[in-house]
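A.B. asks: Provided below: input_19.tsv, containing TSV, N, CA and C atoms.
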chain	number	residue	atom	x	y	z
A	243	VAL	N	-48.62	12.38	41.53
A	243	VAL	CA	-48.35	11.17	40.77
A	243	VAL	C	-47.56	11.53	39.50
A	244	LEU	N	-47.94	12.61	38.85
A	244	LEU	CA	-47.26	13.04	37.64
A	244	LEU	C	-45.81	13.43	37.95
A	245	ILE	N	-45.58	14.08	39.08
A	245	ILE	CA	-44.23	14.47	39.47
A	245	ILE	C	-43.38	13.23	39.72
A	246	HIS	N	-43.94	12.23	40.39
A	246	HIS	CA	-43.21	10.99	40.66
A	246	HIS	C	-42.87	10.28	39.35
A	247	LEU	N	-43.79	10.31	38.40
A	247	LEU	CA	-43.56	9.68	37.10
A	247	LEU	C	-42.44	10.41	36.36
A	248	CYS	N	-42.44	11.73	36.41
A	248	CYS	CA	-41.39	12.51	35.76
A	248	CYS	C	-40.03	12.24	36.40
A	249	LEU	N	-39.99	12.20	37.74
A	249	LEU	CA	-38.74	11.91	38.43
A	249	LEU	C	-38.23	10.51	38.08
A	250	PHE	N	-39.15	9.56	37.97
A	250	PHE	CA	-38.80	8.19	37.61
A	250	PHE	C	-38.17	8.16	36.21
A	251	VAL	N	-38.76	8.88	35.26
A	251	VAL	CA	-38.24	8.94	33.89
A	251	VAL	C	-36.85	9.59	33.88
A	252	VAL	N	-36.66	10.67	34.66
A	252	VAL	CA	-35.36	11.33	34.72
A	252	VAL	C	-34.30	10.38	35.27
A	253	VAL	N	-34.63	9.64	36.32
A	253	VAL	CA	-33.69	8.69	36.91
A	253	VAL	C	-33.33	7.61	35.89
A	254	ILE	N	-34.33	7.10	35.19
A	254	ILE	CA	-34.09	6.05	34.17
A	254	ILE	C	-33.18	6.60	33.06
A	255	LEU	N	-33.42	7.82	32.61
A	255	LEU	CA	-32.61	8.43	31.56
A	255	LEU	C	-31.17	8.62	32.03
A	256	ARG	N	-31.00	9.07	33.27
A	256	ARG	CA	-29.65	9.25	33.80
A	256	ARG	C	-28.91	7.92	33.86
A	257	VAL	N	-29.56	6.89	34.31
A	257	VAL	CA	-28.94	5.56	34.38
A	257	VAL	C	-28.56	5.09	32.98
A	258	ALA	N	-29.44	5.32	32.02
A	258	ALA	CA	-29.17	4.91	30.64
A	258	ALA	C	-27.98	5.67	30.06
A	259	VAL	N	-27.92	6.98	30.30
A	259	VAL	CA	-26.82	7.79	29.77
A	259	VAL	C	-25.51	7.41	30.43
A	260	ILE	N	-25.50	7.30	31.75
A	260	ILE	CA	-24.27	6.94	32.47
A	260	ILE	C	-23.83	5.53	32.06
A	261	GLY	N	-24.77	4.62	31.94
A	261	GLY	CA	-24.44	3.26	31.51
A	261	GLY	C	-23.85	3.23	30.12
A	262	SER	N	-24.40	4.05	29.20
A	262	SER	CA	-23.87	4.05	27.84
A	262	SER	C	-22.50	4.70	27.78
A	263	LEU	N	-22.21	5.66	28.68
A	263	LEU	CA	-20.90	6.30	28.68
A	263	LEU	C	-19.81	5.38	29.19
A	264	CYS	N	-20.11	4.61	30.24
A	264	CYS	CA	-19.06	3.78	30.82
A	264	CYS	C	-18.95	2.43	30.13
A	265	CYS	N	-19.93	2.02	29.40
A	265	CYS	CA	-19.90	0.73	28.72
A	265	CYS	C	-20.20	0.92	27.24
A	266	SER	N	-19.48	1.84	26.59
A	266	SER	CA	-19.80	2.19	25.22
A	266	SER	C	-19.34	1.14	24.21
A	267	VAL	N	-18.44	0.24	24.59
A	267	VAL	CA	-17.96	-0.78	23.67
A	267	VAL	C	-18.51	-2.13	24.12
A	268	MET	N	-19.04	-2.85	23.15
A	268	MET	CA	-19.55	-4.18	23.49
A	268	MET	C	-18.39	-5.08	23.88
A	269	PRO	N	-18.54	-5.88	24.90
A	269	PRO	CA	-17.45	-6.75	25.35
A	269	PRO	C	-17.00	-7.69	24.23
A	270	GLY	N	-15.68	-7.73	23.96
A	270	GLY	CA	-15.15	-8.64	22.97
A	270	GLY	C	-15.26	-8.17	21.53
A	271	ARG	N	-16.02	-7.14	21.28
A	271	ARG	CA	-16.25	-6.71	19.90
A	271	ARG	C	-15.01	-6.13	19.26
A	272	TRP	N	-14.34	-5.23	19.94
A	272	TRP	CA	-13.15	-4.60	19.37
A	272	TRP	C	-11.91	-4.86	20.24
A	273	SER	N	-11.90	-5.95	20.94
A	273	SER	CA	-10.74	-6.23	21.78
A	273	SER	C	-9.52	-6.49	20.89
A	274	ALA	N	-8.37	-6.41	21.49
A	274	ALA	CA	-7.13	-6.62	20.74
A	274	ALA	C	-7.10	-8.01	20.12
A	275	GLN	N	-7.63	-8.98	20.84
A	275	GLN	CA	-7.65	-10.35	20.32
A	275	GLN	C	-8.55	-10.46	19.10
A	276	VAL	N	-9.71	-9.84	19.15
A	276	VAL	CA	-10.64	-9.90	18.02
A	276	VAL	C	-10.06	-9.16	16.82
A	277	LEU	N	-9.46	-8.01	17.05
A	277	LEU	CA	-8.84	-7.27	15.95
A	277	LEU	C	-7.72	-8.07	15.29
A	278	GLU	N	-6.91	-8.73	16.09
A	278	GLU	CA	-5.83	-9.54	15.55
A	278	GLU	C	-6.38	-10.71	14.74
A	279	GLU	N	-7.44	-11.34	15.24
A	279	GLU	CA	-8.07	-12.44	14.50
A	279	GLU	C	-8.62	-11.95	13.16
A	280	ARG	N	-9.25	-10.78	13.15
A	280	ARG	CA	-9.78	-10.22	11.90
A	280	ARG	C	-8.66	-9.91	10.93
A	281	ARG	N	-7.55	-9.35	11.43
A	281	ARG	CA	-6.42	-9.03	10.57
A	281	ARG	C	-5.83	-10.28	9.95
A	282	LEU	N	-5.64	-11.34	10.75
A	282	LEU	CA	-5.08	-12.59	10.24
A	282	LEU	C	-6.02	-13.24	9.22
A	283	ARG	N	-7.32	-13.16	9.46
A	283	ARG	CA	-8.29	-13.70	8.50
A	283	ARG	C	-8.23	-12.92	7.18
A	284	ALA	N	-8.09	-11.61	7.26
A	284	ALA	CA	-7.97	-10.80	6.05
A	284	ALA	C	-6.70	-11.14	5.28
A	285	ILE	N	-5.61	-11.38	5.98
A	285	ILE	CA	-4.36	-11.77	5.32
A	285	ILE	C	-4.53	-13.12	4.63
A	286	ARG	N	-5.12	-14.09	5.33
A	286	ARG	CA	-5.34	-15.42	4.74
A	286	ARG	C	-6.19	-15.35	3.48
A	287	ARG	N	-7.16	-14.46	3.48
A	287	ARG	CA	-8.07	-14.34	2.33
A	287	ARG	C	-7.55	-13.45	1.23
A	288	GLY	N	-6.38	-12.85	1.44
A	288	GLY	CA	-5.75	-12.06	0.39
A	288	GLY	C	-6.18	-10.60	0.34
A	289	TYR	N	-6.86	-10.12	1.38
A	289	TYR	CA	-7.29	-8.72	1.40
A	289	TYR	C	-6.18	-7.78	1.84
A	290	VAL	N	-5.20	-8.30	2.55
A	290	VAL	CA	-4.09	-7.49	3.04
A	290	VAL	C	-2.83	-7.96	2.34
A	291	VAL	N	-2.15	-7.06	1.66
A	291	VAL	CA	-0.91	-7.41	0.99
A	291	VAL	C	0.18	-6.46	1.44
A	292	ALA	N	1.40	-6.96	1.48
A	292	ALA	CA	2.53	-6.14	1.91
A	292	ALA	C	2.92	-5.18	0.80
A	293	ARG	N	3.27	-3.98	1.17
A	293	ARG	CA	3.80	-2.99	0.22
A	293	ARG	C	5.23	-2.68	0.62
A	294	SER	N	6.03	-2.37	-0.38
A	294	SER	CA	7.42	-2.05	-0.07
A	294	SER	C	7.52	-0.72	0.66
A	295	SER	N	6.58	0.17	0.42
A	295	SER	CA	6.53	1.44	1.14
A	295	SER	C	5.09	1.93	1.14
A	296	PRO	N	4.73	2.81	2.08
A	296	PRO	CA	3.35	3.30	2.11
A	296	PRO	C	2.95	4.04	0.84
A	297	ALA	N	3.92	4.59	0.13
A	297	ALA	CA	3.60	5.34	-1.08
A	297	ALA	C	3.50	4.44	-2.31
A	298	ALA	N	3.87	3.17	-2.18
A	298	ALA	CA	3.84	2.27	-3.33
A	298	ALA	C	2.41	1.92	-3.70
A	299	GLY	N	2.18	1.80	-4.97
A	299	GLY	CA	0.85	1.45	-5.45
A	299	GLY	C	0.79	-0.01	-5.86
A	300	ILE	N	-0.42	-0.46	-6.13
A	300	ILE	CA	-0.65	-1.82	-6.58
A	300	ILE	C	-1.28	-1.73	-7.96
A	301	VAL	N	-0.75	-2.50	-8.90
A	301	VAL	CA	-1.30	-2.55	-10.25
A	301	VAL	C	-1.87	-3.95	-10.45
A	302	LYS	N	-3.14	-4.03	-10.79
A	302	LYS	CA	-3.76	-5.33	-11.03
A	302	LYS	C	-3.52	-5.73	-12.47
A	303	VAL	N	-2.82	-6.83	-12.64
A	303	VAL	CA	-2.54	-7.36	-13.97
A	303	VAL	C	-2.70	-8.88	-13.90
A	304	PRO	N	-2.90	-9.51	-15.03
A	304	PRO	CA	-2.94	-10.98	-15.02
A	304	PRO	C	-1.63	-11.55	-14.49
A	305	PRO	N	-1.69	-12.63	-13.75
A	305	PRO	CA	-0.48	-13.19	-13.13
A	305	PRO	C	0.63	-13.52	-14.12
A	306	GLU	N	0.28	-13.89	-15.33
A	306	GLU	CA	1.31	-14.27	-16.29
A	306	GLU	C	2.15	-13.09	-16.78
A	307	VAL	N	1.67	-11.85	-16.65
A	307	VAL	CA	2.46	-10.68	-17.06
A	307	VAL	C	3.01	-9.90	-15.87
A	308	ALA	N	2.69	-10.30	-14.66
A	308	ALA	CA	3.12	-9.56	-13.46
A	308	ALA	C	4.64	-9.40	-13.38
A	309	PRO	N	5.45	-10.45	-13.65
A	309	PRO	CA	6.90	-10.25	-13.58
A	309	PRO	C	7.39	-9.23	-14.62
A	310	ARG	N	6.75	-9.20	-15.77
A	310	ARG	CA	7.12	-8.23	-16.80
A	310	ARG	C	6.79	-6.81	-16.35
A	311	VAL	N	5.63	-6.65	-15.74
A	311	VAL	CA	5.22	-5.33	-15.27
A	311	VAL	C	6.17	-4.83	-14.19
A	312	ARG	N	6.60	-5.73	-13.31
A	312	ARG	CA	7.56	-5.34	-12.26
A	312	ARG	C	8.87	-4.87	-12.89
A	313	ALA	N	9.35	-5.56	-13.92
A	313	ALA	CA	10.60	-5.16	-14.58
A	313	ALA	C	10.46	-3.79	-15.23
A	314	VAL	N	9.33	-3.55	-15.89
A	314	VAL	CA	9.10	-2.25	-16.53
A	314	VAL	C	8.99	-1.17	-15.46
A	315	ALA	N	8.32	-1.46	-14.35
A	315	ALA	CA	8.17	-0.47	-13.28
A	315	ALA	C	9.51	-0.12	-12.65
A	316	ARG	N	10.38	-1.10	-12.48
A	316	ARG	CA	11.71	-0.80	-11.93
A	316	ARG	C	12.49	0.11	-12.87
A	317	SER	N	12.39	-0.16	-14.17
A	317	SER	CA	13.07	0.68	-15.15
A	317	SER	C	12.50	2.11	-15.14
A	318	LEU	N	11.18	2.23	-15.07
A	318	LEU	CA	10.56	3.56	-15.01
A	318	LEU	C	10.96	4.33	-13.76
A	319	SER	N	11.05	3.61	-12.66
A	319	SER	CA	11.45	4.26	-11.41
A	319	SER	C	12.87	4.81	-11.52
A	320	LEU	N	13.77	4.00	-12.08
A	320	LEU	CA	15.14	4.49	-12.28
A	320	LEU	C	15.16	5.66	-13.25
A	321	HIS	N	14.36	5.58	-14.29
A	321	HIS	CA	14.26	6.67	-15.27
A	321	HIS	C	13.90	7.98	-14.57
A	322	GLN	N	12.90	7.93	-13.71
A	322	GLN	CA	12.48	9.12	-12.97
A	322	GLN	C	13.60	9.61	-12.05
A	323	GLN	N	14.21	8.71	-11.32
A	323	GLN	CA	15.29	9.10	-10.39
A	323	GLN	C	16.44	9.75	-11.14
A	324	HIS	N	16.78	9.21	-12.28
A	324	HIS	CA	17.92	9.74	-13.03
A	324	HIS	C	17.59	11.09	-13.67
A	325	ASN	N	16.34	11.27	-14.11
A	325	ASN	CA	15.93	12.59	-14.62
A	325	ASN	C	16.04	13.63	-13.51
A	326	ILE	N	15.60	13.28	-12.32
A	326	ILE	CA	15.67	14.21	-11.18
A	326	ILE	C	17.14	14.48	-10.83
A	327	LEU	N	17.93	13.43	-10.79
A	327	LEU	CA	19.34	13.56	-10.42
A	327	LEU	C	20.11	14.44	-11.40
A	328	SER	N	19.85	14.24	-12.69
A	328	SER	CA	20.60	15.01	-13.70
A	328	SER	C	19.99	16.38	-13.96
A	329	GLY	N	18.76	16.59	-13.50
A	329	GLY	CA	18.08	17.86	-13.75
A	329	GLY	C	17.54	17.95	-15.17
A	330	GLY	N	17.57	16.85	-15.88
A	330	GLY	CA	17.07	16.83	-17.25
A	330	GLY	C	15.67	16.27	-17.34
A	331	CYS	N	15.24	16.12	-18.58
A	331	CYS	CA	13.91	15.54	-18.82
A	331	CYS	C	14.03	14.62	-20.04
A	332	GLU	N	14.84	13.61	-19.91
A	332	GLU	CA	15.10	12.70	-21.02
A	332	GLU	C	13.89	11.80	-21.26
A	333	PRO	N	13.47	11.66	-22.53
A	333	PRO	CA	12.30	10.83	-22.83
A	333	PRO	C	12.61	9.34	-22.87
A	334	VAL	N	13.88	8.97	-22.91
A	334	VAL	CA	14.28	7.57	-22.99
A	334	VAL	C	15.06	7.21	-21.71
A	335	ALA	N	14.72	6.07	-21.12
A	335	ALA	CA	15.31	5.68	-19.83
A	335	ALA	C	16.82	5.58	-19.89
A	336	ARG	N	17.34	4.93	-20.93
A	336	ARG	CA	18.80	4.77	-21.03
A	336	ARG	C	19.49	6.12	-21.19
A	337	ALA	N	18.85	7.06	-21.89
A	337	ALA	CA	19.42	8.40	-22.05
A	337	ALA	C	19.45	9.14	-20.71
A	338	ALA	N	18.41	8.94	-19.90
A	338	ALA	CA	18.37	9.57	-18.57
A	338	ALA	C	19.51	9.02	-17.70
A	339	THR	N	19.76	7.72	-17.82
A	339	THR	CA	20.85	7.12	-17.04
A	339	THR	C	22.20	7.62	-17.54
A	340	ARG	N	22.35	7.76	-18.85
A	340	ARG	CA	23.61	8.30	-19.38
A	340	ARG	C	23.83	9.75	-18.90
A	341	ALA	N	22.74	10.52	-18.85
A	341	ALA	CA	22.86	11.91	-18.39
A	341	ALA	C	23.26	11.98	-16.92
A	342	ALA	N	22.83	11.00	-16.14
A	342	ALA	CA	23.15	10.99	-14.71
A	342	ALA	C	24.44	10.26	-14.40
A	343	ARG	N	25.08	9.70	-15.40
A	343	ARG	CA	26.28	8.88	-15.18
A	343	ARG	C	27.36	9.57	-14.35
A	344	PRO	N	27.67	10.86	-14.60
A	344	PRO	CA	28.71	11.49	-13.77
A	344	PRO	C	28.38	11.51	-12.28
A	345	LEU	N	27.08	11.45	-11.95
A	345	LEU	CA	26.66	11.49	-10.55
A	345	LEU	C	26.49	10.09	-9.95
A	346	LEU	N	26.51	9.08	-10.82
A	346	LEU	CA	26.37	7.69	-10.37
A	346	LEU	C	27.75	7.06	-10.32
A	347	GLY	N	27.91	6.09	-9.54
A	347	GLY	CA	29.14	5.31	-9.58
A	347	GLY	C	29.09	4.36	-10.78
A	348	ASP	N	30.23	3.76	-11.11
A	348	ASP	CA	30.29	2.85	-12.25
A	348	ASP	C	29.36	1.65	-12.05
A	349	ARG	N	29.36	1.11	-10.83
A	349	ARG	CA	28.50	-0.06	-10.54
A	349	ARG	C	27.02	0.31	-10.66
A	350	ALA	N	26.63	1.47	-10.12
A	350	ALA	CA	25.23	1.89	-10.19
A	350	ALA	C	24.81	2.15	-11.63
A	351	TYR	N	25.72	2.72	-12.41
A	351	TYR	CA	25.42	2.98	-13.82
A	351	TYR	C	25.17	1.66	-14.56
A	352	LYS	N	26.06	0.69	-14.38
A	352	LYS	CA	25.91	-0.60	-15.06
A	352	LYS	C	24.67	-1.34	-14.59
A	353	ALA	N	24.38	-1.28	-13.29
A	353	ALA	CA	23.18	-1.95	-12.77
A	353	ALA	C	21.92	-1.31	-13.35
A	354	ALA	N	21.91	0.01	-13.47
A	354	ALA	CA	20.75	0.70	-14.03
A	354	ALA	C	20.56	0.33	-15.50
A	355	MET	N	21.66	0.26	-16.25
A	355	MET	CA	21.55	-0.09	-17.66
A	355	MET	C	21.05	-1.53	-17.82
A	356	ARG	N	21.49	-2.43	-16.93
A	356	ARG	CA	20.97	-3.81	-16.97
A	356	ARG	C	19.46	-3.81	-16.67
A	357	GLN	N	19.05	-2.98	-15.71
A	357	GLN	CA	17.62	-2.92	-15.37
A	357	GLN	C	16.81	-2.39	-16.56
A	358	HIS	N	17.34	-1.43	-17.28
A	358	HIS	CA	16.65	-0.93	-18.47
A	358	HIS	C	16.58	-2.01	-19.55
A	359	ASP	N	17.65	-2.81	-19.67
A	359	ASP	CA	17.62	-3.94	-20.61
A	359	ASP	C	16.51	-4.92	-20.24
A	360	GLU	N	16.41	-5.22	-18.95
A	360	GLU	CA	15.35	-6.14	-18.49
A	360	GLU	C	13.97	-5.56	-18.76
A	361	GLY	N	13.79	-4.25	-18.52
A	361	GLY	CA	12.51	-3.62	-18.81
A	361	GLY	C	12.17	-3.66	-20.29
A	362	ASN	N	13.18	-3.42	-21.14
A	362	ASN	CA	12.95	-3.47	-22.58
A	362	ASN	C	12.61	-4.88	-23.04
A	363	LEU	N	13.29	-5.89	-22.48
A	363	LEU	CA	12.96	-7.28	-22.82
A	363	LEU	C	11.53	-7.60	-22.39
A	364	ALA	N	11.16	-7.13	-21.22
A	364	ALA	CA	9.81	-7.39	-20.72
A	364	ALA	C	8.75	-6.80	-21.64
A	365	LYS	N	9.06	-5.64	-22.21
A	365	LYS	CA	8.09	-4.99	-23.10
A	365	LYS	C	8.07	-5.60	-24.49
A	366	HIS	N	9.23	-5.99	-25.01
A	366	HIS	CA	9.32	-6.28	-26.43
A	366	HIS	C	9.56	-7.74	-26.79
A	367	ASP	N	10.04	-8.57	-25.89
A	367	ASP	CA	10.37	-9.94	-26.23
A	367	ASP	C	9.18	-10.87	-25.93
A	368	TRP	N	8.48	-11.29	-26.95
A	368	TRP	CA	7.30	-12.17	-26.79
A	368	TRP	C	7.55	-13.55	-27.39
A	369	SER	N	8.82	-13.91	-27.57
A	369	SER	CA	9.11	-15.23	-28.18
A	369	SER	C	8.97	-16.35	-27.16
Now, as a test, write the supplied structure out as structure tokens.

C.D. replies:
Amino acid sequence: VLIHLCLFVVVILRVAVIGSLCCSVMPGRWSAQVLEERRLRAIRRGYVVARSSPAAGIVKVPPEVAPRVRAVARSLSLHQQHNILSGGCEPVARAATRAARPLLGDRAYKAAMRQHDEGNLAKHDWS
């Protein structure tokens, strides 16, 4: 009787293990349709936001200063690019652009200087 009971337990365990291996995902739980619905719900609720690139960061600021922060960030990004391009380490954005001017075209130089003007206005003009 004890042997039959042991064999019965072994058979039950085998069925349980084989069943868990072949049916390891609950039906409908992680299906493509469910994942898509979850993603769309997250987008609607504001949990998913588009980034310009995977390396781009998000800065949380009050909505009324967000356009100013974007202008300053664009100027800082150009400042970094121009320091790298010129091989210098200029502490002022416009100076970094002037140092990189021989490597920039005339249009790129003027556009960068305009961007630095916008960044400076964003920082300093509170009228």

A.B. asks: How far is it from CA of Lys365 (chain A) to CA of Arg312 (chain A), in Å with one decimal?

C.D. replies: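 These two atoms are separated by 10.9 Å.
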
A.B. asks: Restricting the calculation to only C-alpha atoms: of A:Ala292, A:Ala354, A:Leu345, A:Val301, which residue gets closest to His321 (chain A)?

C.D. replies: A:Ala354

A.B. asks: Which neighbours of Leu320 (chain A) fall inside 9 Å, counting only C-alpha atoms, when residues of the same chain fewer than 6 positions from it are skipped, and could you give them as a list in words?

C.D. replies: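 Near Leu320 (chain A), the qualifying residues are Ala335, Ala338, Thr339, Ala354, Gln357 and His358 of chain A.
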
A.B. asks: Please measure the separation of CA of Asn362 (chain A) and CA of Val291 (chain A), giving the value in Å to one decimal.

C.D. replies: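 According to the coordinates, CA of Asn362 (chain A) and CA of Val291 (chain A) are separated by 27.6 Å.
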
A.B. asks: Taking into account only C-alpha atoms, which residue in the set A:Val311, A:Ile326, A:Cys331, A:Ala341 is nearest to Leu363 (chain A)?

C.D. replies: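 Checking each candidate against Leu363 (chain A), we get A:Val311 as the closest.
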